[in-house]
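Asks: This is the structure I have questions about; it appears just below.
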Amino acid sequence: MRRVVKVGTSVLRGAGGRNTEDVIADLAASLCSLWKRGEPVVLVTSGAVGLGCTALGHRERPTELEGLQAAAAVGQGRLMTLYDQAFARHQRCVAQVLVTRGDLASRRRYQNACRTLEQLLAWGVVPVVNENDTLATDELRFGDNDTLSALVAVAIGADELVLLTDVDSLYSGDPRSDAEARPIEEVASLAELDSLQSVATGGGQWGTGGMTT
């Protein structure tokens with residue numbers, strides 16, 4: 001079983017007194033247990049912009065591209081340091097993999113990315129993938145890591161894609177405001193998925209993916 005696990009900013013920022021370091025420590029322990037069972041995992045992570053904003057004392061996510069890029073530049077090193085320390089406690093090495101949409105749109109660069117990921121997995125290294133927010137232009141951006149994680153899952157032939165978020169399911173409505181919203185365990189067709197678009201929501205204050213993606 002080969003998996004891609006994507007963790008969103010809303011989860012990484014923590015809740016109930018837990019901080020990002022605590023969340024990453026728990027995540028690393030869970031993923032390392034899969035590796036020990038012979039089930040490799042590629043991690044697609046958000047969080048660089050959020051950590052950068054925290055370090056800078058900003059209370060809101062930037063809306064302009066240059067602000068997002070600058071915040072990501074501040075936060076990316078901090079994010080990888082947390083992952084490196086958390087996985088090292090379980091004797092597992094991590095590798096930072098930063099990509100743009102252009103890297104997966106170009107056949108040559110796509111094949112190179114696939115080979116790199118395959119080599120890391122063969123070495124027992126956890127690839128930690130994120131969009132290269134510091135350099136990506138509007139034309140080369142994925143826009144959110146939900147989309148990126150799906151493309152990475154295809155690239156490595158993953159058996160399962162898991163999106164970790166602060167909402168526990170796909171719902172017929174927004175469960176935060178609709179008491180009648182019901183969880184949907186399986187979507188069988190594109191038509192059924194299209195019918196949910198009217199209730200789809202974004203990723204909240206700090207994230208960019210969410211139900212719409």
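Scheme for the structure tokens: letters A, B, ... for chains in order shown; per-chain residue numbers from 1; ligand numbers from 1 in order shown.
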When you look at Val162 of chain A with a cut-off of 9 Å (counting only C-alpha atoms), what residues show up, excluding the ones that are within fewer than 5 positions of it in the same chain? I need them as a PDB file with N, CA and C atoms, in the first residue's frame.
Replies:
ATOM      1  N   ARG A   3       0.833   5.442  -0.183  1.00  0.00           N
ATOM      2  CA  ARG A   3      -0.102   6.532   0.085  1.00  0.00           C
ATOM      3  C   ARG A   3       0.535   7.899  -0.147  1.00  0.00           C
ATOM      4  N   VAL A   4      -0.336   8.850  -0.491  1.00  0.00           N
ATOM      5  CA  VAL A   4       0.001  10.269  -0.398  1.00  0.00           C
ATOM      6  C   VAL A   4      -0.915  10.851   0.682  1.00  0.00           C
ATOM      7  N   VAL A   5      -0.320  11.517   1.650  1.00  0.00           N
ATOM      8  CA  VAL A   5      -1.084  12.155   2.725  1.00  0.00           C
ATOM      9  C   VAL A   5      -0.861  13.657   2.631  1.00  0.00           C
ATOM     10  N   LYS A   6      -1.960  14.394   2.554  1.00  0.00           N
ATOM     11  CA  LYS A   6      -1.881  15.847   2.501  1.00  0.00           C
ATOM     12  C   LYS A   6      -2.421  16.431   3.806  1.00  0.00           C
ATOM     13  N   VAL A   7      -1.664  17.333   4.399  1.00  0.00           N
ATOM     14  CA  VAL A   7      -2.105  17.986   5.629  1.00  0.00           C
ATOM     15  C   VAL A   7      -2.262  19.479   5.357  1.00  0.00           C
ATOM     16  N   SER A 149      -1.595  17.470  -4.285  1.00  0.00           N
ATOM     17  CA  SER A 149      -1.528  16.110  -3.726  1.00  0.00           C
ATOM     18  C   SER A 149      -2.135  15.089  -4.672  1.00  0.00           C
TER      19      SER A 149
END
Asks: Go through segment 1-197 of chain A and collect every residue that DSSP, computed from the backbone, puts in helix (DSSP H, G or I); the answer should be as a ChimeraX atom specification.
Replies: /A:9-12,20-36,48-56,65-88,101-105,107-122,138-140,145-155,190-194,197
Asks: Name the residues in contact with Asn145 of chain A at a cut-off of 9 Å, using only C-alpha atoms, excluding same-chain residues fewer than 6 positions from it; report them as a VMD selection string.
Replies: chain A and resid 6 to 8 44 to 46 130 to 131 208 to 209
Asks: Next, the residues of the selection above should be written as a PDB file, in the first residue's frame with N, CA and C atoms.
Replies:
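Okay, again.pdb is ready:
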ATOM      1  N   LYS A   6      -1.960  14.394   2.554  1.00  0.00           N
ATOM      2  CA  LYS A   6      -1.881  15.847   2.501  1.00  0.00           C
ATOM      3  C   LYS A   6      -2.421  16.431   3.806  1.00  0.00           C
ATOM      4  N   VAL A   7      -1.664  17.333   4.399  1.00  0.00           N
ATOM      5  CA  VAL A   7      -2.105  17.986   5.629  1.00  0.00           C
ATOM      6  C   VAL A   7      -2.262  19.479   5.357  1.00  0.00           C
ATOM      7  N   GLY A   8      -3.414  20.010   5.759  1.00  0.00           N
ATOM      8  CA  GLY A   8      -3.736  21.398   5.477  1.00  0.00           C
ATOM      9  C   GLY A   8      -3.317  22.355   6.583  1.00  0.00           C
ATOM     10  N   VAL A  44       2.355  15.629   1.499  1.00  0.00           N
ATOM     11  CA  VAL A  44       2.171  16.933   0.861  1.00  0.00           C
ATOM     12  C   VAL A  44       1.691  17.885   1.948  1.00  0.00           C
ATOM     13  N   THR A  45       2.420  18.944   2.175  1.00  0.00           N
ATOM     14  CA  THR A  45       2.142  19.786   3.328  1.00  0.00           C
ATOM     15  C   THR A  45       1.887  21.236   2.951  1.00  0.00           C
ATOM     16  N   SER A  46       0.937  21.834   3.612  1.00  0.00           N
ATOM     17  CA  SER A  46       0.762  23.281   3.599  1.00  0.00           C
ATOM     18  C   SER A  46       1.503  23.813   4.823  1.00  0.00           C
ATOM     19  N   ASN A 130       5.756  20.404  -1.258  1.00  0.00           N
ATOM     20  CA  ASN A 130       4.991  21.640  -1.112  1.00  0.00           C
ATOM     21  C   ASN A 130       5.114  22.418  -2.409  1.00  0.00           C
ATOM     22  N   GLU A 131       4.142  23.281  -2.656  1.00  0.00           N
ATOM     23  CA  GLU A 131       4.261  24.166  -3.805  1.00  0.00           C
ATOM     24  C   GLU A 131       5.366  25.175  -3.534  1.00  0.00           C
ATOM     25  N   THR A 208      -6.370  27.466   1.411  1.00  0.00           N
ATOM     26  CA  THR A 208      -6.855  27.854   0.081  1.00  0.00           C
ATOM     27  C   THR A 208      -7.578  26.720  -0.633  1.00  0.00           C
ATOM     28  N   GLY A 209      -7.644  25.540  -0.055  1.00  0.00           N
ATOM     29  CA  GLY A 209      -8.279  24.414  -0.731  1.00  0.00           C
ATOM     30  C   GLY A 209      -9.717  24.260  -0.276  1.00  0.00           C
TER      31      GLY A 209
END
Asks: Considering only C-alpha atoms, can you say which of A:Leu117, A:Leu82, A:Leu170, A:Ala73 comes closest to Ala158 of chain A?
Replies: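 Between A:Leu117, A:Leu82, A:Leu170, A:Ala73, the residue approaching Ala158 of chain A most closely is A:Leu117.
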Asks: Hey, what does DSSP flag as strand (DSSP E) within segment 77-202 of chain A? Can you give it to me as a ChimeraX atom specification?
Replies: /A:94-99,126-131,160-164,170-171,183-184
